[in-house]
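Chemist: For reference, this is target_38.txt, and it has compact mmCIF, C-alpha atoms.
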```
# COMPACT_ATOMS: atom_id res chain seq x y z
CA MET K 26 4.41 -49.37 11.66
CA SER K 27 6.38 -50.40 14.74
CA GLY K 28 4.86 -50.85 18.17
CA LEU K 29 6.63 -47.72 19.34
CA ALA K 30 5.23 -45.76 16.40
CA VAL K 31 1.74 -46.89 17.42
CA ARG K 32 2.36 -45.79 21.01
CA PHE K 33 3.65 -42.47 19.74
CA ARG K 34 0.51 -41.94 17.68
CA GLU K 35 -1.74 -42.82 20.62
CA LEU K 36 -0.04 -40.29 22.88
CA TRP K 37 0.21 -37.70 20.11
CA ASP K 38 -3.50 -37.95 19.36
CA GLU K 39 -4.26 -36.89 22.94
CA ILE K 40 -2.81 -33.43 22.32
CA ALA K 41 -3.29 -33.02 18.57
CA PRO K 42 -6.73 -31.33 18.77
CA VAL K 43 -5.72 -28.83 21.49
CA GLY K 44 -5.49 -25.33 20.09
CA ARG K 45 -5.98 -26.32 16.45
CA ASP K 46 -7.66 -23.69 14.30
CA VAL K 47 -10.32 -25.26 12.12
CA GLY K 48 -9.88 -22.75 9.34
CA SER K 49 -6.11 -22.85 8.85
CA GLY K 50 -5.34 -26.26 10.30
CA GLY K 51 -2.57 -24.57 12.29
CA TYR K 52 -2.26 -24.05 16.01
CA LEU K 53 -3.02 -21.14 18.33
CA ARG K 54 -1.20 -22.22 21.46
CA TYR K 55 0.04 -18.92 22.85
CA ALA K 56 1.84 -19.10 26.18
CA LEU K 57 -0.42 -19.23 29.25
CA THR K 58 -3.64 -19.08 27.22
CA ALA K 59 -6.35 -21.74 27.53
CA PRO K 60 -4.91 -24.22 24.96
CA GLU K 61 -1.38 -24.07 26.36
CA LEU K 62 -2.69 -24.32 29.92
CA ARG K 63 -4.58 -27.47 28.91
CA LEU K 64 -1.35 -28.93 27.58
CA ARG K 65 0.43 -28.06 30.81
CA GLU K 66 -2.24 -29.93 32.74
CA TRP K 67 -1.86 -32.84 30.34
CA PHE K 68 1.88 -32.78 31.07
CA ARG K 69 1.23 -32.95 34.80
CA ALA K 70 -1.18 -35.83 34.32
CA GLN K 71 1.29 -37.76 32.16
CA ALA K 72 4.04 -37.20 34.71
CA ASP K 73 1.74 -38.37 37.48
CA LEU K 74 0.95 -41.57 35.56
CA ARG K 75 4.69 -42.25 35.46
CA GLY K 76 5.28 -41.38 39.09
CA MET K 77 7.37 -38.34 38.12
CA PRO K 78 6.92 -35.43 40.57
CA VAL K 79 6.51 -32.06 38.85
CA SER K 80 8.21 -28.93 40.15
CA GLU K 81 7.94 -25.30 39.00
CA ASP K 82 10.64 -22.63 39.02
CA GLY K 83 8.42 -19.60 39.55
CA ASN K 84 8.88 -18.53 35.92
CA GLY K 85 6.28 -20.78 34.31
CA ASN K 86 8.67 -23.64 33.52
CA LEU K 87 7.64 -27.17 34.54
CA PHE K 88 10.00 -30.04 35.38
CA ALA K 89 9.01 -33.72 35.75
CA TRP K 90 11.61 -35.76 37.66
CA TRP K 91 12.42 -39.47 37.21
CA GLY K 92 14.89 -41.37 39.35
CA ASP K 93 15.21 -38.81 42.13
CA PRO K 94 13.72 -39.30 45.61
CA ASP K 95 13.72 -35.53 46.11
CA THR K 96 10.37 -34.14 45.01
CA ASP K 97 11.02 -30.43 45.24
CA GLY K 98 13.72 -30.41 42.59
CA ARG K 99 16.36 -28.77 44.76
CA ALA K 100 18.69 -31.31 46.37
CA GLY K 101 21.45 -33.24 44.60
CA SER K 102 23.02 -32.62 41.22
CA GLY K 103 23.98 -34.26 37.93
CA ALA K 104 20.47 -34.50 36.46
CA VAL K 105 20.01 -34.92 32.71
CA LEU K 106 17.47 -32.44 31.36
CA THR K 107 15.39 -32.93 28.21
CA GLY K 108 12.08 -31.61 26.86
CA SER K 109 10.92 -28.57 24.89
CA HIS K 110 7.84 -26.26 24.80
CA PHE K 111 4.10 -26.34 24.08
CA ASP K 112 3.49 -22.82 22.74
CA SER K 113 3.22 -22.07 19.03
CA VAL K 114 3.57 -19.21 16.60
CA PRO K 115 0.24 -18.00 15.17
CA HIS K 116 -1.23 -20.81 13.06
CA GLY K 117 1.99 -22.81 13.47
CA GLY K 118 2.61 -26.51 13.01
CA ALA K 119 1.89 -29.34 15.40
CA TYR K 120 5.42 -30.62 15.95
CA ASP K 121 7.51 -27.56 16.79
CA GLY K 122 7.94 -27.90 20.54
CA PRO K 123 5.46 -30.58 21.64
CA LEU K 124 7.39 -33.29 19.78
CA GLY K 125 10.29 -32.84 22.20
CA ILE K 126 8.04 -33.27 25.24
CA VAL K 127 6.06 -36.25 23.95
CA SER K 128 9.27 -37.93 22.79
CA ALA K 129 10.90 -37.38 26.19
CA LEU K 130 7.98 -39.02 28.01
CA LEU K 131 8.08 -41.97 25.62
CA ALA K 132 11.87 -42.23 26.00
CA VAL K 133 11.37 -42.62 29.76
CA ASP K 134 8.80 -45.35 29.03
CA GLU K 135 11.26 -47.14 26.74
CA LEU K 136 14.03 -47.06 29.32
CA ARG K 137 11.73 -48.32 32.04
CA ALA K 138 10.46 -51.12 29.81
CA ALA K 139 14.07 -52.15 29.22
CA GLY K 140 14.69 -52.28 32.97
CA VAL K 141 16.97 -49.25 32.99
CA THR K 142 17.39 -47.42 36.29
CA PRO K 143 19.16 -44.07 35.96
CA VAL K 144 22.10 -43.33 38.22
CA ARG K 145 21.33 -39.64 37.80
CA PRO K 146 17.85 -38.09 37.55
CA VAL K 147 16.22 -37.64 34.17
CA VAL K 148 14.11 -34.50 34.03
CA VAL K 149 11.52 -33.64 31.36
CA ALA K 150 10.95 -29.89 30.97
CA ALA K 151 8.09 -27.90 29.50
CA PHE K 152 9.45 -24.38 29.00
CA VAL K 153 7.12 -21.40 28.79
CA GLU K 154 6.90 -18.84 25.94
CA GLU K 155 9.65 -20.26 23.73
CA GLU K 156 8.28 -18.74 20.54
CA GLY K 157 7.79 -15.25 21.94
CA ALA K 158 4.53 -15.08 20.01
CA ARG K 159 2.53 -13.66 22.92
CA PHE K 160 4.94 -11.48 24.91
CA GLY K 161 7.52 -10.70 22.24
CA VAL K 162 10.67 -12.24 23.74
CA PRO K 163 11.59 -15.73 22.50
CA CYS K 164 12.79 -18.39 24.95
CA LEU K 165 11.43 -16.27 27.79
CA GLY K 166 11.19 -19.16 30.25
CA SER K 167 14.74 -20.37 29.75
CA ARG K 168 16.05 -16.79 29.73
CA LEU K 169 14.40 -16.21 33.11
CA LEU K 170 15.74 -19.45 34.57
CA THR K 171 19.29 -18.61 33.51
CA GLY K 172 19.11 -14.92 34.40
CA GLU K 173 19.50 -13.77 30.79
CA ILE K 174 16.52 -11.46 31.19
CA ASP K 175 15.67 -9.35 34.21
CA ALA K 176 12.61 -10.59 36.09
CA ASP K 177 11.12 -7.10 36.36
CA ARG K 178 11.48 -6.53 32.64
CA ALA K 179 9.88 -9.89 31.91
CA ALA K 180 7.05 -9.19 34.36
CA GLY K 181 6.18 -6.02 32.45
CA LEU K 182 6.10 -7.54 28.97
CA ARG K 183 2.61 -7.22 27.51
CA ASP K 184 0.67 -9.05 24.85
CA ALA K 185 -1.46 -7.44 22.16
CA ALA K 186 -4.40 -7.15 24.58
CA GLY K 187 -2.29 -5.36 27.19
CA VAL K 188 -2.03 -8.34 29.56
CA SER K 189 1.37 -8.49 31.26
CA PHE K 190 3.43 -11.63 31.61
CA ALA K 191 3.15 -11.33 35.40
CA GLU K 192 -0.64 -11.13 35.14
CA ALA K 193 -0.81 -14.17 32.86
CA LEU K 194 1.56 -16.09 35.13
CA GLY K 195 -0.37 -15.07 38.24
CA HIS K 196 2.62 -13.52 39.99
CA ARG K 197 5.92 -11.76 39.37
CA PRO K 198 8.36 -14.22 37.77
CA ALA K 199 11.02 -15.49 40.16
CA GLY K 200 13.91 -14.91 37.78
CA ALA K 201 17.26 -16.67 37.83
CA ASP K 202 17.49 -19.88 39.84
CA PRO K 203 21.18 -20.85 40.14
CA ALA K 204 20.39 -23.65 42.59
CA LEU K 205 18.00 -25.37 40.19
CA LEU K 206 20.18 -24.72 37.14
CA GLY K 207 23.14 -26.15 39.04
CA ARG K 208 21.35 -29.46 39.40
CA PHE K 209 21.56 -30.13 35.66
CA ALA K 210 24.63 -31.75 34.14
CA ALA K 211 23.40 -31.63 30.53
CA PHE K 212 20.43 -30.68 28.37
CA VAL K 213 19.33 -32.53 25.23
CA GLU K 214 16.44 -31.08 23.24
CA LEU K 215 14.70 -33.11 20.53
CA HIS K 216 13.01 -31.02 17.86
CA VAL K 217 11.40 -31.47 14.48
CA GLU K 218 13.79 -30.42 11.71
CA GLN K 219 13.05 -26.99 10.28
CA GLY K 220 14.31 -27.66 6.79
CA ARG K 221 14.87 -30.52 4.33
CA ALA K 222 18.46 -31.58 5.04
CA LEU K 223 17.44 -34.95 6.50
CA VAL K 224 15.31 -35.68 3.45
CA ASP K 225 18.38 -35.15 1.30
CA ALA K 226 20.52 -37.21 3.71
CA ASP K 227 17.92 -40.01 3.80
CA ALA K 228 18.20 -40.14 7.60
CA PRO K 229 15.45 -39.96 10.23
CA VAL K 230 17.50 -38.27 12.97
CA ALA K 231 20.44 -35.84 13.16
CA VAL K 232 22.57 -34.24 15.87
CA GLY K 233 22.65 -30.45 16.01
CA SER K 234 25.98 -28.65 15.73
CA ALA K 235 25.17 -24.94 16.10
CA ILE K 236 22.49 -22.23 16.08
CA TRP K 237 23.02 -19.18 13.91
CA PRO K 238 23.15 -15.83 15.71
CA HIS K 239 19.82 -14.08 15.35
CA GLY K 240 17.59 -11.39 16.78
CA ARG K 241 14.54 -9.17 16.45
CA TRP K 242 14.57 -5.45 15.75
CA ARG K 243 11.58 -3.08 15.88
CA PHE K 244 11.49 -0.45 13.10
CA GLU K 245 9.11 2.36 14.05
CA LEU K 246 8.32 4.86 11.31
CA ARG K 247 6.38 8.04 12.03
CA GLY K 248 4.86 10.37 9.45
CA GLU K 249 1.74 12.45 9.17
CA GLY K 250 -1.72 10.92 9.19
CA ASN K 251 -3.97 12.42 6.56
CA HIS K 252 -6.90 11.86 4.22
CA ALA K 253 -6.28 9.44 1.35
CA GLY K 254 -8.58 11.31 -0.99
CA THR K 255 -7.61 14.93 -0.41
CA THR K 256 -3.87 14.86 0.36
CA ARG K 257 -1.78 15.46 -2.74
CA MET K 258 0.89 12.82 -3.34
CA GLY K 259 3.67 15.40 -3.18
CA ASP K 260 2.46 16.69 0.19
CA ARG K 261 2.43 13.33 1.94
CA ARG K 262 4.74 12.15 4.73
CA ASP K 263 3.75 8.52 4.38
CA PRO K 264 5.61 6.03 6.63
CA MET K 265 4.18 3.13 4.64
CA LEU K 266 6.41 4.10 1.71
CA THR K 267 9.45 4.04 3.97
CA PHE K 268 8.36 0.74 5.42
CA ALA K 269 7.84 -0.86 2.00
CA PHE K 270 11.32 0.22 0.94
CA THR K 271 12.76 -1.17 4.20
CA VAL K 272 11.21 -4.60 3.61
CA LEU K 273 12.68 -4.75 0.09
CA ALA K 274 16.06 -3.55 1.39
CA ALA K 275 16.08 -6.27 4.04
CA ASN K 276 15.43 -8.91 1.39
CA LYS K 277 18.21 -7.60 -0.85
CA GLU K 278 20.80 -7.22 1.91
CA ALA K 279 20.11 -10.71 3.24
CA ARG K 280 20.50 -12.28 -0.19
CA LEU K 281 23.79 -10.46 -0.75
CA ARG K 282 25.14 -11.99 2.50
CA ASP K 283 23.61 -15.46 2.21
CA ALA K 284 21.72 -14.59 5.39
CA HIS K 285 18.04 -14.50 6.35
CA ALA K 286 15.84 -11.44 6.88
CA THR K 287 12.10 -11.54 7.44
CA VAL K 288 9.48 -8.93 8.21
CA GLY K 289 6.48 -11.00 9.22
CA ARG K 290 4.73 -8.66 11.60
CA VAL K 291 3.51 -5.09 11.10
CA SER K 292 1.33 -2.63 13.00
CA VAL K 293 -0.28 0.37 11.28
CA GLU K 294 -2.00 3.41 12.78
CA PRO K 295 -4.76 4.36 12.27
CA ASN K 296 -5.08 1.24 10.08
CA ALA K 297 -7.84 2.67 7.89
CA THR K 298 -8.23 2.08 4.16
CA ASN K 299 -8.92 5.72 3.40
CA ALA K 300 -6.18 7.23 5.58
CA VAL K 301 -2.49 7.90 5.05
CA PRO K 302 -0.85 6.14 8.04
CA SER K 303 0.62 8.17 10.85
CA THR K 304 2.80 5.34 12.16
CA VAL K 305 4.00 2.02 10.78
CA THR K 306 5.90 -0.40 12.99
CA GLY K 307 7.52 -3.51 11.57
CA TRP K 308 9.60 -6.20 13.20
CA LEU K 309 12.73 -7.49 11.46
CA ASP K 310 13.85 -11.05 12.18
CA ALA K 311 17.47 -11.37 11.04
CA ARG K 312 19.77 -14.42 11.10
CA ALA K 313 23.20 -15.25 9.70
CA ALA K 314 25.91 -17.86 10.01
CA ALA K 315 28.38 -15.46 11.66
CA PRO K 316 27.91 -12.57 14.12
CA GLU K 317 29.71 -10.06 11.91
CA THR K 318 27.47 -10.98 9.00
CA LEU K 319 24.39 -10.44 11.14
CA ASP K 320 25.66 -7.08 12.40
CA GLY K 321 26.42 -5.96 8.85
CA LEU K 322 23.00 -7.03 7.64
CA VAL K 323 21.08 -5.14 10.32
CA GLU K 324 23.20 -2.01 9.96
CA ALA K 325 22.75 -2.02 6.17
CA VAL K 326 18.96 -2.29 6.54
CA ARG K 327 18.93 0.45 9.17
CA ALA K 328 21.04 2.76 7.00
CA LYS K 329 18.87 2.25 3.94
CA ALA K 330 15.70 2.77 5.96
CA ALA K 331 17.13 5.98 7.45
CA GLU K 332 18.06 7.34 4.02
CA ARG K 333 14.61 6.54 2.65
CA ALA K 334 13.01 8.15 5.71
CA ARG K 335 14.86 11.40 4.97
CA ARG K 336 13.52 11.35 1.42
CA ASP K 337 9.97 10.59 2.56
CA GLY K 338 9.94 13.15 5.37
CA THR K 339 9.37 10.45 7.99
CA GLU K 340 11.15 9.60 11.23
CA LEU K 341 12.80 6.27 12.05
CA THR K 342 13.55 4.63 15.39
CA VAL K 343 15.20 1.19 15.51
CA THR K 344 15.10 -0.82 18.74
CA ARG K 345 16.70 -4.20 19.31
CA GLU K 346 14.18 -6.33 21.18
CA SER K 347 16.15 -9.56 21.48
CA ALA K 348 19.46 -11.00 20.38
CA THR K 349 20.96 -14.48 20.57
CA PRO K 350 24.67 -14.96 19.85
CA LEU K 351 26.19 -17.77 17.81
CA VAL K 352 25.66 -21.00 19.75
CA THR K 353 28.02 -23.88 19.14
CA PHE K 354 26.76 -26.88 21.03
CA ASP K 355 29.16 -28.52 23.46
CA GLY K 356 31.74 -30.16 21.22
CA GLY K 357 32.41 -33.12 23.45
CA LEU K 358 28.74 -33.85 24.01
CA ALA K 359 27.78 -33.38 20.35
CA ASP K 360 30.65 -35.60 19.22
CA ARG K 361 29.66 -38.20 21.79
CA LEU K 362 26.07 -38.27 20.56
CA THR K 363 27.08 -38.30 16.90
CA GLU K 364 29.24 -41.38 17.51
CA LEU K 365 26.59 -43.02 19.68
CA LEU K 366 23.83 -42.59 17.10
CA ALA K 367 25.90 -42.72 13.89
CA ALA K 368 23.80 -39.75 12.80
CA PRO K 369 24.50 -36.83 10.48
CA VAL K 370 25.29 -33.41 11.95
CA LEU K 371 23.23 -30.30 11.13
CA PRO K 372 23.42 -26.60 12.00
CA THR K 373 20.18 -24.64 12.30
CA GLY K 374 19.06 -21.09 11.76
CA ALA K 375 16.22 -21.44 14.27
CA GLY K 376 16.36 -20.41 17.91
CA HIS K 377 15.64 -22.85 20.74
CA ASP K 378 15.73 -23.07 24.51
CA ALA K 379 18.82 -25.20 23.92
CA GLY K 380 20.53 -22.11 22.54
CA VAL K 381 19.94 -20.26 25.83
CA LEU K 382 20.93 -23.15 28.08
CA ALA K 383 24.07 -23.87 26.05
CA ALA K 384 25.78 -20.89 27.72
CA HIS K 385 25.26 -22.51 31.12
CA LEU K 386 25.62 -26.29 30.76
CA PRO K 387 26.63 -28.89 28.15
CA THR K 388 23.83 -28.93 25.59
CA ALA K 389 22.95 -30.87 22.46
CA MET K 390 20.03 -31.15 20.05
CA LEU K 391 18.46 -33.97 18.07
CA PHE K 392 16.42 -33.28 14.94
CA VAL K 393 13.69 -35.52 13.51
CA ARG K 394 13.15 -35.52 9.74
CA ASN K 395 10.48 -33.21 8.37
CA PRO K 396 9.45 -34.50 4.91
CA THR K 397 7.93 -31.19 3.81
CA GLY K 398 10.82 -29.07 5.04
CA VAL K 399 8.20 -26.50 6.13
CA SER K 400 8.04 -25.16 9.69
CA HIS K 401 5.97 -22.55 11.58
CA SER K 402 3.13 -23.61 9.28
CA PRO K 403 0.36 -26.24 9.22
CA ALA K 404 2.42 -28.03 6.54
CA GLU K 405 5.06 -28.95 9.13
CA SER K 406 5.08 -32.73 9.59
CA ALA K 407 6.90 -35.89 10.59
CA THR K 408 5.99 -39.53 10.10
CA ASP K 409 5.15 -41.69 13.09
CA ASP K 410 8.01 -44.04 12.22
CA ASP K 411 10.51 -41.17 12.16
CA CYS K 412 9.13 -39.90 15.45
CA ALA K 413 9.61 -43.37 16.88
CA ALA K 414 13.20 -43.31 15.61
CA GLY K 415 13.61 -40.00 17.43
CA VAL K 416 12.32 -41.56 20.66
CA VAL K 417 14.78 -44.44 20.31
CA ALA K 418 17.64 -42.02 19.69
CA LEU K 419 16.68 -39.86 22.66
CA ALA K 420 16.32 -42.90 24.92
CA ARG K 421 19.82 -44.04 23.95
CA VAL K 422 21.18 -40.58 24.69
CA LEU K 423 19.45 -40.39 28.09
CA GLU K 424 20.70 -43.83 29.01
CA GLU K 425 24.23 -42.87 27.99
CA LEU K 426 24.16 -39.68 30.03
CA ALA K 427 22.15 -40.80 33.05
CA CYS K 428 23.38 -44.35 33.51
CA HIS K 429 27.12 -44.29 32.75
```
Mind turning this structure into structure tokens?
Modeler:
Amino acid sequence: MSGLAVRFRELWDEIAPVGRDVGSGGYLRYALTAPELRLREWFRAQADLRGMPVSEDGNGNLFAWWGDPDTDGRAGSGAVLTGSHFDSVPHGGAYDGPLGIVSALLAVDELRAAGVTPVRPVVVAAFVEEEGARFGVPCLGSRLLTGEIDADRAAGLRDAAGVSFAEALGHRPAGADPALLGRFAAFVELHVEQGRALVDADAPVAVGSAIWPHGRWRFELRGEGNHAGTTRMGDRRDPMLTFAFTVLAANKEARLRDAHATVGRVSVEPNATNAVPSTVTGWLDARAAAPETLDGLVEAVRAKAAERARRDGTELTVTRESATPLVTFDGGLADRLTELLAAPVLPTGAGHDAGVLAAHLPTAMLFVRNPTGVSHSPAESATDDDCAAGVVALARVLEELACH
């Protein structure tokens, strides 16, 4: 194991226990809850150790600045932004998000140890609510910063306990910040790979090329609640039947289009074993390589669900909760990094803050090999040596962008 791999492990071990569920081995790091707040304080402490002033944007996003005498994060321009997020999906893996922050801090250490002084500031970000696991909208922090979501709408988003985003944040989010966004000349996000392509390529690091278009749709099905033991089968208006058909239809339509469709979240009322449900709500996560494929997939699922609802005597309402268009990372920047690192190029079906920021400034992604190929699960992993290779790659990229 290299010296850098050892340093990575030492820093990684400081955050590894935070938010880990003993039973599943996964993480419960929902945005602005106690575990994620502990990680945010850890971030501030690490930045302080490196003499990097931390600024906030009023939306929950944190920024640690290196190489800039301005401490409020407002003056000047041309900064190179990197970093990721701390929050997790329920019982998610350790690396999705935090790897990009830990690697960015270590990349700054590597550049400093090599005597590098950036001409332009290097900024390490910790974005809030990237997963959308608590308040329902993914990449909420970066969407607020860029103005891609209205601040009042974001303020009113509520978690399962009824707590609003504004309440969790402690104030109404500030919303778009063109002055801060205008300071950044580029964004590079390092992330654990969410697949096995790098295992097949026998490479520790890759450069991202694009993010598939994707979104979330809420399917609400209403029927008639009734007694499970006394209601004849022919008299039932059971929304669970419609829902079950919808899940199977989503699977079929996605396979026909070489796309992805997942229903991983469901809410049932009254949620009793001996009661026919009155309402079933499910959330469809749909992704495809092309926008027209995604549109066709969602419409096909909606149409099949509507037809089944007519047969079951239930009612269907479909609401789009979020949508991210096809993101092709800045061609010049991606090509530049691919040549610099001599690394393979990979597209991804996963959403990232980089996908939001790509509409506003040159953006690129680096992926670190995941030997299991599993993500959003405790089985997600990366070796310390591969993580060290990711740090080296990111340091080279930051030096290229901030020093030349």
Chemist: I want to know what sits within 7 Å of region 176-193 of chain K, based on all atoms listed in the file, with residues of the same chain fewer than 4 positions away left out; could you give that as a list of chain:residue names?
Modeler: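 Listing them by chain and then by number gives K:Leu57, K:Arg159, K:Phe160, K:Leu169, K:Arg197, K:Pro198, K:Ala199, K:Gly200.
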Chemist: Residues within 12 Å of Asp260 (chain K), please, as a list in words. Count only C-alpha atoms; anything in the same chain fewer than 2 positions from it doesn't count.
Modeler: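 Within the cut-off, the hits are Gly248, Glu249, Gly250, Asn251, His252, Ala253, Thr255, Thr256, Arg257, Met258, Arg262, Asp263, Val301, Asp337 and Gly338 of chain K.
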Chemist: Go ahead and save the picked residues with C-alpha atoms, as a CSV table (one decimal), in the frame of the given file.
Modeler:
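Final output, result30.csv:
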```csv
chain,number,residue,atom,x,y,z
K,248,GLY,CA,4.9,10.4,9.4
K,249,GLU,CA,1.7,12.4,9.2
K,250,GLY,CA,-1.7,10.9,9.2
K,251,ASN,CA,-4.0,12.4,6.6
K,252,HIS,CA,-6.9,11.9,4.2
K,253,ALA,CA,-6.3,9.4,1.4
K,255,THR,CA,-7.6,14.9,-0.4
K,256,THR,CA,-3.9,14.9,0.4
K,257,ARG,CA,-1.8,15.5,-2.7
K,258,MET,CA,0.9,12.8,-3.3
K,262,ARG,CA,4.7,12.2,4.7
K,263,ASP,CA,3.8,8.5,4.4
K,301,VAL,CA,-2.5,7.9,5.0
K,337,ASP,CA,10.0,10.6,2.6
K,338,GLY,CA,9.9,13.2,5.4
```
Chemist: Show which residues sit within 8 Å of region 303-319 of chain K, as an NGL selection string. Count all atoms listed in the file, and ignore same-chain residues fewer than 3 positions away.
Modeler: :K and (237-251 or 263-265 or 268 or 282-295 or 322-323 or 350-351 or 374)
Chemist: From the options K:Gly259, K:Pro229, K:Pro123, K:Gly172, which residue's atoms come nearest to Glu39 (chain K), counting only C-alpha atoms?
Modeler: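 That would be K:Pro123, the residue with the smallest distance to Glu39 (chain K).
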Chemist: Mind pulling up the distance from CA of Arg145 (chain K) to CA of Val105 (chain K)?
Modeler: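 Straight-line distance from CA of Val105 (chain K) to CA of Arg145 (chain K) works out to 7.1 Å.
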Chemist: Listed atoms of region 147-152 of chain K, axis-aligned box, 6 Å per side: centre and edge lengths to one decimal in Å, as JSON?
Modeler:
```
{"center_x": 12.2, "center_y": -31.0, "center_z": 31.6, "size_x": 20.1, "size_y": 25.3, "size_z": 17.2}
```
Chemist: Within 10 Å of Glu81 (chain K), counting only C-alpha atoms, which residues show up once you throw out same-chain ones fewer than 2 positions away? Write them as a ChimeraX atom specification, please.
Modeler: /K:79,83-89,97-98,150-151
Chemist: What is the CA of Val162 (chain K) to CA of Ser347 (chain K) distance in Å?
Modeler: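 Between CA of Val162 (chain K) and CA of Ser347 (chain K) the gap works out to 6.5 Å.
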Chemist: Please output region 60-73 of chain K, rebuilt to include N, CA, C and O atoms, as an mmCIF file, in the frame of the given file.
Modeler:
```
data_model
loop_
_atom_site.group_PDB
_atom_site.id
_atom_site.type_symbol
_atom_site.label_atom_id
_atom_site.label_comp_id
_atom_site.auth_asym_id
_atom_site.auth_seq_id
_atom_site.Cartn_x
_atom_site.Cartn_y
_atom_site.Cartn_z
ATOM 1 N N PRO K 60 -5.439 -22.998 25.551
ATOM 2 C CA PRO K 60 -4.910 -24.220 24.960
ATOM 3 C C PRO K 60 -3.571 -24.659 25.579
ATOM 4 O O PRO K 60 -3.367 -25.844 25.864
ATOM 5 N N GLU K 61 -2.687 -23.695 25.799
ATOM 6 C CA GLU K 61 -1.380 -24.070 26.360
ATOM 7 C C GLU K 61 -1.529 -24.503 27.813
ATOM 8 O O GLU K 61 -0.839 -25.429 28.264
ATOM 9 N N LEU K 62 -2.443 -23.897 28.543
ATOM 10 C CA LEU K 62 -2.690 -24.320 29.920
ATOM 11 C C LEU K 62 -3.251 -25.733 29.961
ATOM 12 O O LEU K 62 -2.930 -26.514 30.874
ATOM 13 N N ARG K 63 -4.086 -26.085 28.983
ATOM 14 C CA ARG K 63 -4.580 -27.470 28.910
ATOM 15 C C ARG K 63 -3.437 -28.440 28.675
ATOM 16 O O ARG K 63 -3.400 -29.530 29.271
ATOM 17 N N LEU K 64 -2.498 -28.071 27.839
ATOM 18 C CA LEU K 64 -1.350 -28.930 27.580
ATOM 19 C C LEU K 64 -0.461 -29.059 28.810
ATOM 20 O O LEU K 64 0.116 -30.126 29.076
ATOM 21 N N ARG K 65 -0.349 -27.992 29.578
ATOM 22 C CA ARG K 65 0.430 -28.060 30.810
ATOM 23 C C ARG K 65 -0.228 -29.003 31.813
ATOM 24 O O ARG K 65 0.464 -29.752 32.521
ATOM 25 N N GLU K 66 -1.543 -28.984 31.875
ATOM 26 C CA GLU K 66 -2.240 -29.930 32.740
ATOM 27 C C GLU K 66 -2.091 -31.351 32.242
ATOM 28 O O GLU K 66 -1.957 -32.296 33.035
ATOM 29 N N TRP K 67 -2.113 -31.510 30.925
ATOM 30 C CA TRP K 67 -1.860 -32.840 30.340
ATOM 31 C C TRP K 67 -0.467 -33.331 30.726
ATOM 32 O O TRP K 67 -0.283 -34.504 31.074
ATOM 33 N N PHE K 68 0.503 -32.436 30.686
ATOM 34 C CA PHE K 68 1.880 -32.780 31.070
ATOM 35 C C PHE K 68 1.926 -33.262 32.518
ATOM 36 O O PHE K 68 2.556 -34.283 32.840
ATOM 37 N N ARG K 69 1.263 -32.546 33.395
ATOM 38 C CA ARG K 69 1.230 -32.950 34.800
ATOM 39 C C ARG K 69 0.587 -34.322 34.967
ATOM 40 O O ARG K 69 1.066 -35.152 35.751
ATOM 41 N N ALA K 70 -0.492 -34.546 34.227
ATOM 42 C CA ALA K 70 -1.180 -35.830 34.320
ATOM 43 C C ALA K 70 -0.299 -36.970 33.815
ATOM 44 O O ALA K 70 -0.248 -38.053 34.414
ATOM 45 N N GLN K 71 0.405 -36.738 32.697
ATOM 46 C CA GLN K 71 1.290 -37.760 32.160
ATOM 47 C C GLN K 71 2.449 -38.047 33.124
ATOM 48 O O GLN K 71 2.857 -39.203 33.302
ATOM 49 N N ALA K 72 2.976 -37.004 33.726
ATOM 50 C CA ALA K 72 4.040 -37.200 34.710
ATOM 51 C C ALA K 72 3.531 -37.983 35.904
ATOM 52 O O ALA K 72 4.219 -38.885 36.418
ATOM 53 N N ASP K 73 2.323 -37.668 36.346
ATOM 54 C CA ASP K 73 1.740 -38.370 37.480
ATOM 55 C C ASP K 73 1.547 -39.852 37.176
ATOM 56 O O ASP K 73 1.800 -40.719 38.033
#
```
